[in-house]
Amino acid sequence: MFMTQFAQWDKYMLCDAPICNVKAGDVVYGYEFKIHYPTYRGTYLSCIEELYFELDGKRIPNETVQFRLNGKQFLLSELENLFQEYWWIRDDAVIRVVDLEGLEKGSVHSVHVHMQHRIPYTGYEGEYGVEISDCTKELVVE
């Protein structure tokens, strides 16, 4: 395994779209934002070795995070087994956080995403390239 970090792609990983509260009727049960795969090619979700998020410097518990892609919803703990689920380069994943308080409309929050992922086309002789990507942006709640 060899580790790389291509910082030029990191700035695109967290989409500039606003954070949106998620409701069932009038009840807020969470919020969501979008991320983009941080290279010029797509990947299988099983190649994501580590993925976590922070809001205003505080880590969001993995068990409250849902990863939504291709019309499907997954827990972060399921990603390692999704070797047939492909994340196309033009598709954004929606990250939904279950939080019964939601976020105040109009407020601005620092969102951080960290991803460690294998590059699937580098698997020569059993050695895969592993990339570490980090992105932090200030996003407004819509």
# chains A, B, ... in the order shown; residues from 1 in each chain; ligands from 1
>>> residues_around(residues="region 76-80 of chain A", least_positions_apart="3", cutoff="8 Å", atoms="only C-alpha atoms", output="JSON, numbers by chain")
{"A": [45, 46, 47, 48, 49, 51, 62, 63, 65, 66, 67, 83]}
>>> write_last_selection(atoms="all heavy atoms", output="mmCIF file, in the first residue's frame")
data_model
loop_
_atom_site.group_PDB
_atom_site.id
_atom_site.type_symbol
_atom_site.label_atom_id
_atom_site.label_comp_id
_atom_site.auth_asym_id
_atom_site.auth_seq_id
_atom_site.Cartn_x
_atom_site.Cartn_y
_atom_site.Cartn_z
ATOM 1 N N LEU A 45 -17.946 1.704 -3.639
ATOM 2 C CA LEU A 45 -18.059 2.160 -2.257
ATOM 3 C C LEU A 45 -17.210 1.317 -1.309
ATOM 4 O O LEU A 45 -16.760 1.812 -0.275
ATOM 5 C CB LEU A 45 -19.522 2.161 -1.816
ATOM 6 C CG LEU A 45 -20.419 3.164 -2.548
ATOM 7 C CD1 LEU A 45 -21.825 3.137 -1.951
ATOM 8 C CD2 LEU A 45 -19.839 4.562 -2.519
ATOM 9 N N SER A 46 -16.932 0.085 -1.660
ATOM 10 C CA SER A 46 -16.093 -0.763 -0.809
ATOM 11 C C SER A 46 -14.655 -0.259 -0.730
ATOM 12 O O SER A 46 -13.906 -0.679 0.158
ATOM 13 C CB SER A 46 -16.096 -2.202 -1.327
ATOM 14 O OG SER A 46 -15.578 -2.255 -2.641
ATOM 15 N N CYS A 47 -14.266 0.623 -1.612
ATOM 16 C CA CYS A 47 -12.907 1.184 -1.591
ATOM 17 C C CYS A 47 -12.748 2.284 -0.550
ATOM 18 O O CYS A 47 -11.632 2.722 -0.277
ATOM 19 C CB CYS A 47 -12.530 1.715 -2.964
ATOM 20 S SG CYS A 47 -12.293 0.402 -4.183
ATOM 21 N N ILE A 48 -13.849 2.731 0.030
ATOM 22 C CA ILE A 48 -13.771 3.770 1.064
ATOM 23 C C ILE A 48 -13.405 3.087 2.380
ATOM 24 O O ILE A 48 -14.180 2.331 2.938
ATOM 25 C CB ILE A 48 -15.100 4.541 1.182
ATOM 26 C CG1 ILE A 48 -15.413 5.234 -0.133
ATOM 27 C CG2 ILE A 48 -15.028 5.542 2.337
ATOM 28 C CD1 ILE A 48 -16.781 5.879 -0.189
ATOM 29 N N GLU A 49 -12.201 3.355 2.853
ATOM 30 C CA GLU A 49 -11.699 2.709 4.066
ATOM 31 C C GLU A 49 -12.074 3.474 5.324
ATOM 32 O O GLU A 49 -12.228 2.882 6.384
ATOM 33 C CB GLU A 49 -10.182 2.563 3.987
ATOM 34 C CG GLU A 49 -9.738 1.652 2.863
ATOM 35 C CD GLU A 49 -8.238 1.511 2.764
ATOM 36 O OE1 GLU A 49 -7.500 2.336 3.349
ATOM 37 O OE2 GLU A 49 -7.796 0.560 2.099
ATOM 38 N N LEU A 51 -14.369 7.159 6.512
ATOM 39 C CA LEU A 51 -15.155 8.335 6.140
ATOM 40 C C LEU A 51 -15.791 8.878 7.409
ATOM 41 O O LEU A 51 -16.475 8.144 8.127
ATOM 42 C CB LEU A 51 -16.244 7.961 5.129
ATOM 43 C CG LEU A 51 -17.165 9.066 4.645
ATOM 44 C CD1 LEU A 51 -16.390 10.171 3.913
ATOM 45 C CD2 LEU A 51 -18.244 8.492 3.728
ATOM 46 N N ASN A 62 -20.757 8.302 13.749
ATOM 47 C CA ASN A 62 -21.009 7.516 12.535
ATOM 48 C C ASN A 62 -22.389 6.872 12.524
ATOM 49 O O ASN A 62 -23.009 6.734 11.468
ATOM 50 C CB ASN A 62 -19.945 6.438 12.358
ATOM 51 C CG ASN A 62 -18.629 7.001 11.869
ATOM 52 O OD1 ASN A 62 -18.510 8.195 11.591
ATOM 53 N ND2 ASN A 62 -17.628 6.152 11.780
ATOM 54 N N GLU A 63 -22.882 6.473 13.681
ATOM 55 C CA GLU A 63 -24.182 5.784 13.724
ATOM 56 C C GLU A 63 -25.346 6.717 13.404
ATOM 57 O O GLU A 63 -26.463 6.251 13.180
ATOM 58 C CB GLU A 63 -24.397 5.076 15.064
ATOM 59 C CG GLU A 63 -24.366 5.971 16.268
ATOM 60 C CD GLU A 63 -22.969 6.188 16.854
ATOM 61 O OE1 GLU A 63 -21.956 5.769 16.248
ATOM 62 O OE2 GLU A 63 -22.896 6.797 17.935
ATOM 63 N N VAL A 65 -25.135 8.858 10.805
ATOM 64 C CA VAL A 65 -24.903 9.274 9.416
ATOM 65 C C VAL A 65 -25.441 8.237 8.445
ATOM 66 O O VAL A 65 -25.172 7.044 8.580
ATOM 67 C CB VAL A 65 -23.398 9.510 9.160
ATOM 68 C CG1 VAL A 65 -23.139 9.877 7.707
ATOM 69 C CG2 VAL A 65 -22.850 10.590 10.086
ATOM 70 N N GLN A 66 -26.184 8.720 7.451
ATOM 71 C CA GLN A 66 -26.661 7.881 6.354
ATOM 72 C C GLN A 66 -26.024 8.392 5.061
ATOM 73 O O GLN A 66 -25.989 9.590 4.808
ATOM 74 C CB GLN A 66 -28.174 7.953 6.239
ATOM 75 C CG GLN A 66 -28.894 7.485 7.480
ATOM 76 C CD GLN A 66 -30.368 7.828 7.454
ATOM 77 O OE1 GLN A 66 -30.841 8.562 6.599
ATOM 78 N NE2 GLN A 66 -31.099 7.301 8.418
ATOM 79 N N PHE A 67 -25.522 7.474 4.259
ATOM 80 C CA PHE A 67 -24.865 7.779 2.985
ATOM 81 C C PHE A 67 -25.849 7.418 1.884
ATOM 82 O O PHE A 67 -26.233 6.260 1.742
ATOM 83 C CB PHE A 67 -23.592 6.940 2.881
ATOM 84 C CG PHE A 67 -22.727 7.237 1.690
ATOM 85 C CD1 PHE A 67 -21.644 8.088 1.804
ATOM 86 C CD2 PHE A 67 -22.983 6.636 0.463
ATOM 87 C CE1 PHE A 67 -20.830 8.344 0.716
ATOM 88 C CE2 PHE A 67 -22.180 6.888 -0.632
ATOM 89 C CZ PHE A 67 -21.097 7.741 -0.510
ATOM 90 N N PHE A 83 -19.144 -3.746 -2.790
ATOM 91 C CA PHE A 83 -18.189 -3.854 -3.889
ATOM 92 C C PHE A 83 -18.849 -3.796 -5.263
ATOM 93 O O PHE A 83 -18.155 -3.718 -6.273
ATOM 94 C CB PHE A 83 -17.348 -5.126 -3.747
ATOM 95 C CG PHE A 83 -18.156 -6.380 -3.705
ATOM 96 C CD1 PHE A 83 -18.487 -7.042 -4.863
ATOM 97 C CD2 PHE A 83 -18.596 -6.892 -2.489
ATOM 98 C CE1 PHE A 83 -19.246 -8.188 -4.827
ATOM 99 C CE2 PHE A 83 -19.346 -8.049 -2.436
ATOM 100 C CZ PHE A 83 -19.682 -8.705 -3.612
#
>>> select_by_dssp(residues="chain A", states="strand (DSSP E)", output="PyMOL selection string")
chain A and resi 2-4+20-24+27-36+43-44+48-55+58-59+65-69+72-75+86-87+92-98+108-124+127-140
>>> atom_distance(atom1="CA of Lys72 (chain A)", atom2="CA of Val94 (chain A)")
10.2 Å
>>> select_by_dssp(residues="region 41-142 of chain A", states="helix (DSSP H, G or I)", output="JSON, numbers by chain")
{"A": [45, 46, 47, 62, 63, 64, 76, 77, 78, 79, 80, 81]}
>>> write_last_selection(atoms="N, CA and C atoms", output="short mmCIF file (atom, residue, chain, number, x, y, z; two decimals), in the first residue's frame")
data_model
loop_
_atom_site.label_atom_id
_atom_site.label_comp_id
_atom_site.auth_asym_id
_atom_site.auth_seq_id
_atom_site.Cartn_x
_atom_site.Cartn_y
_atom_site.Cartn_z
N LEU A 45 -17.95 1.70 -3.64
CA LEU A 45 -18.06 2.16 -2.26
C LEU A 45 -17.21 1.32 -1.31
N SER A 46 -16.93 0.09 -1.66
CA SER A 46 -16.09 -0.76 -0.81
C SER A 46 -14.65 -0.26 -0.73
N CYS A 47 -14.27 0.62 -1.61
CA CYS A 47 -12.91 1.18 -1.59
C CYS A 47 -12.75 2.28 -0.55
N ASN A 62 -20.76 8.30 13.75
CA ASN A 62 -21.01 7.52 12.53
C ASN A 62 -22.39 6.87 12.52
N GLU A 63 -22.88 6.47 13.68
CA GLU A 63 -24.18 5.78 13.72
C GLU A 63 -25.35 6.72 13.40
N THR A 64 -25.11 8.02 13.36
CA THR A 64 -26.17 8.97 13.01
C THR A 64 -26.11 9.39 11.54
N LEU A 76 -22.68 4.07 7.25
CA LEU A 76 -21.25 4.12 6.98
C LEU A 76 -20.60 2.75 7.21
N SER A 77 -21.09 2.00 8.18
CA SER A 77 -20.53 0.68 8.48
C SER A 77 -20.78 -0.33 7.35
N GLU A 78 -21.69 -0.04 6.44
CA GLU A 78 -21.99 -0.95 5.33
C GLU A 78 -21.10 -0.73 4.11
N LEU A 79 -20.44 0.40 4.03
CA LEU A 79 -19.70 0.76 2.82
C LEU A 79 -18.65 -0.28 2.43
N GLU A 80 -17.94 -0.83 3.40
CA GLU A 80 -16.86 -1.77 3.11
C GLU A 80 -17.33 -3.01 2.35
N ASN A 81 -18.60 -3.34 2.43
CA ASN A 81 -19.14 -4.53 1.75
C ASN A 81 -19.81 -4.23 0.42
#
>>> closest_residue(among="A:Lys58, A:Lys11, A:Arg90, A:Arg68", to="Phe33 (chain A)", atoms="only C-alpha atoms")
A:Arg68
>>> closest_atom_pairs(of="region 53-102 of chain A", to="region 109-133 of chain A", cutoff="6 Å", atoms="only C-alpha atoms", output="CSV")
residue,atom,partner,partner_atom,distance
A:Phe53,CA,A:Val113,CA,4.6
A:Glu54,CA,A:His112,CA,4.9
A:Leu55,CA,A:Val111,CA,4.8
A:Asp56,CA,A:Ser110,CA,4.8
>>> residues_around(residues="Ser107 (chain A)", least_positions_apart="6", cutoff="12 Å", atoms="only C-alpha atoms", output="PyMOL selection string")
chain A and resi 18-21+56+138-142
>>> write_last_selection(atoms="N, CA, C and O atoms", output="mmCIF file, in the first residue's frame")
data_model
loop_
_atom_site.group_PDB
_atom_site.id
_atom_site.type_symbol
_atom_site.label_atom_id
_atom_site.label_comp_id
_atom_site.auth_asym_id
_atom_site.auth_seq_id
_atom_site.Cartn_x
_atom_site.Cartn_y
_atom_site.Cartn_z
ATOM 1 N N PRO A 18 -26.128 24.397 -0.023
ATOM 2 C CA PRO A 18 -26.429 24.630 1.395
ATOM 3 C C PRO A 18 -26.805 23.346 2.138
ATOM 4 O O PRO A 18 -27.163 22.339 1.529
ATOM 5 N N ILE A 19 -26.725 23.419 3.440
ATOM 6 C CA ILE A 19 -27.220 22.358 4.311
ATOM 7 C C ILE A 19 -28.739 22.501 4.358
ATOM 8 O O ILE A 19 -29.254 23.616 4.432
ATOM 9 N N CYS A 20 -29.459 21.395 4.323
ATOM 10 C CA CYS A 20 -30.922 21.439 4.387
ATOM 11 C C CYS A 20 -31.410 20.597 5.561
ATOM 12 O O CYS A 20 -30.938 19.476 5.757
ATOM 13 N N ASN A 21 -32.333 21.141 6.321
ATOM 14 C CA ASN A 21 -32.980 20.341 7.361
ATOM 15 C C ASN A 21 -33.898 19.334 6.693
ATOM 16 O O ASN A 21 -34.468 19.595 5.632
ATOM 17 N N ASP A 56 -18.767 22.076 12.957
ATOM 18 C CA ASP A 56 -18.235 23.080 13.886
ATOM 19 C C ASP A 56 -17.173 22.488 14.810
ATOM 20 O O ASP A 56 -17.138 22.751 16.005
ATOM 21 N N GLU A 138 -17.441 26.423 4.918
ATOM 22 C CA GLU A 138 -18.504 27.080 5.664
ATOM 23 C C GLU A 138 -19.773 26.991 4.815
ATOM 24 O O GLU A 138 -19.787 27.474 3.684
ATOM 25 N N LEU A 139 -20.815 26.366 5.351
ATOM 26 C CA LEU A 139 -22.066 26.191 4.624
ATOM 27 C C LEU A 139 -23.212 26.802 5.407
ATOM 28 O O LEU A 139 -23.270 26.700 6.629
ATOM 29 N N VAL A 140 -24.139 27.400 4.694
ATOM 30 C CA VAL A 140 -25.309 28.016 5.309
ATOM 31 C C VAL A 140 -26.467 27.025 5.330
ATOM 32 O O VAL A 140 -26.575 26.173 4.435
ATOM 33 N N VAL A 141 -27.306 27.110 6.324
ATOM 34 C CA VAL A 141 -28.488 26.257 6.428
ATOM 35 C C VAL A 141 -29.626 26.936 5.685
ATOM 36 O O VAL A 141 -29.977 28.074 5.968
ATOM 37 N N GLU A 142 -30.191 26.226 4.735
ATOM 38 C CA GLU A 142 -31.288 26.758 3.911
ATOM 39 C C GLU A 142 -32.618 26.538 4.580
ATOM 40 O O GLU A 142 -32.878 25.556 5.209
#
>>> decode(residues="region 7-114 of chain A", atoms="C-alpha atoms", output="compact mmCIF listing (two decimals), in the first residue's frame")
# COMPACT_ATOMS: atom_id res chain seq x y z
CA ALA A 7 -4.94 18.22 -2.42
CA GLN A 8 -6.09 19.73 -5.72
CA TRP A 9 -9.18 17.47 -5.68
CA ASP A 10 -9.99 17.89 -1.99
CA LYS A 11 -11.63 21.30 -2.41
CA TYR A 12 -14.32 19.70 -4.58
CA MET A 13 -15.21 16.93 -2.13
CA LEU A 14 -17.65 19.01 -0.08
CA CYS A 15 -20.25 20.54 -2.40
CA ASP A 16 -21.03 24.25 -2.15
CA ALA A 17 -24.77 23.53 -1.87
CA PRO A 18 -26.43 24.63 1.39
CA ILE A 19 -27.22 22.36 4.31
CA CYS A 20 -30.92 21.44 4.39
CA ASN A 21 -32.98 20.34 7.36
CA VAL A 22 -34.89 17.10 6.78
CA LYS A 23 -38.51 16.94 7.90
CA ALA A 24 -41.33 14.45 8.21
CA GLY A 25 -44.39 16.70 8.06
CA ASP A 26 -43.51 19.58 10.38
CA VAL A 27 -41.03 17.59 12.47
CA VAL A 28 -37.32 18.10 11.82
CA TYR A 29 -35.38 14.87 12.26
CA GLY A 30 -32.01 15.77 10.77
CA TYR A 31 -30.07 17.67 8.16
CA GLU A 32 -28.18 16.84 4.99
CA PHE A 33 -25.42 18.10 2.72
CA LYS A 34 -23.69 16.78 -0.40
CA ILE A 35 -20.24 15.41 -1.10
CA HIS A 36 -18.45 14.57 -4.34
CA TYR A 37 -15.88 11.82 -4.92
CA PRO A 38 -12.51 13.62 -4.74
CA THR A 39 -10.69 12.39 -7.85
CA TYR A 40 -11.17 12.45 -11.60
CA ARG A 41 -12.57 8.87 -11.65
CA GLY A 42 -15.34 7.14 -9.75
CA THR A 43 -14.98 4.21 -7.37
CA TYR A 44 -16.75 1.31 -5.71
CA LEU A 45 -18.06 2.16 -2.26
CA SER A 46 -16.09 -0.76 -0.81
CA CYS A 47 -12.91 1.18 -1.59
CA ILE A 48 -13.77 3.77 1.06
CA GLU A 49 -11.70 2.71 4.07
CA GLU A 50 -12.53 5.61 6.36
CA LEU A 51 -15.15 8.33 6.14
CA TYR A 52 -16.16 10.76 8.85
CA PHE A 53 -17.63 14.20 9.25
CA GLU A 54 -17.35 17.10 11.68
CA LEU A 55 -19.74 19.96 12.28
CA ASP A 56 -18.24 23.08 13.89
CA GLY A 57 -15.18 21.09 14.98
CA LYS A 58 -17.17 18.30 16.64
CA ARG A 59 -17.16 14.82 15.14
CA ILE A 60 -20.57 13.59 13.99
CA PRO A 61 -21.17 10.06 15.38
CA ASN A 62 -21.01 7.52 12.53
CA GLU A 63 -24.18 5.78 13.72
CA THR A 64 -26.17 8.97 13.01
CA VAL A 65 -24.90 9.27 9.42
CA GLN A 66 -26.66 7.88 6.35
CA PHE A 67 -24.86 7.78 2.98
CA ARG A 68 -27.31 8.19 0.09
CA LEU A 69 -26.29 7.39 -3.49
CA ASN A 70 -27.84 5.84 -6.60
CA GLY A 71 -31.31 6.05 -5.06
CA LYS A 72 -30.19 3.91 -2.10
CA GLN A 73 -29.35 4.61 1.53
CA PHE A 74 -26.48 3.03 3.47
CA LEU A 75 -24.94 3.21 6.92
CA LEU A 76 -21.25 4.12 6.98
CA SER A 77 -20.53 0.68 8.48
CA GLU A 78 -21.99 -0.95 5.33
CA LEU A 79 -19.70 0.76 2.82
CA GLU A 80 -16.86 -1.77 3.11
CA ASN A 81 -19.14 -4.53 1.75
CA LEU A 82 -20.58 -2.60 -1.20
CA PHE A 83 -18.19 -3.85 -3.89
CA GLN A 84 -20.86 -3.68 -6.61
CA GLU A 85 -22.14 -0.19 -5.76
CA TYR A 86 -20.33 2.37 -7.93
CA TRP A 87 -19.95 6.08 -7.20
CA TRP A 88 -19.83 7.76 -10.60
CA ILE A 89 -17.71 10.86 -10.88
CA ARG A 90 -20.66 13.08 -11.85
CA ASP A 91 -22.90 11.95 -8.97
CA ASP A 92 -23.00 13.63 -5.59
CA ALA A 93 -23.68 11.59 -2.48
CA VAL A 94 -26.13 13.00 0.05
CA ILE A 95 -24.99 12.77 3.65
CA ARG A 96 -27.97 12.73 6.00
CA VAL A 97 -27.41 13.18 9.72
CA VAL A 98 -30.15 12.09 12.10
CA ASP A 99 -30.40 14.92 14.65
CA LEU A 100 -33.78 15.67 16.20
CA GLU A 101 -32.78 19.29 16.83
CA GLY A 102 -31.81 20.02 13.23
CA LEU A 103 -29.96 23.24 12.47
CA GLU A 104 -31.21 26.83 12.66
CA LYS A 105 -32.22 28.22 9.27
CA GLY A 106 -29.78 30.90 8.07
CA SER A 107 -26.99 29.81 10.41
CA VAL A 108 -23.51 29.14 9.04
CA HIS A 109 -21.59 26.02 10.03
CA SER A 110 -18.11 24.69 9.41
CA VAL A 111 -18.43 21.25 7.81
CA HIS A 112 -15.42 18.96 7.53
CA VAL A 113 -15.20 15.66 5.64
CA HIS A 114 -12.33 13.18 5.84
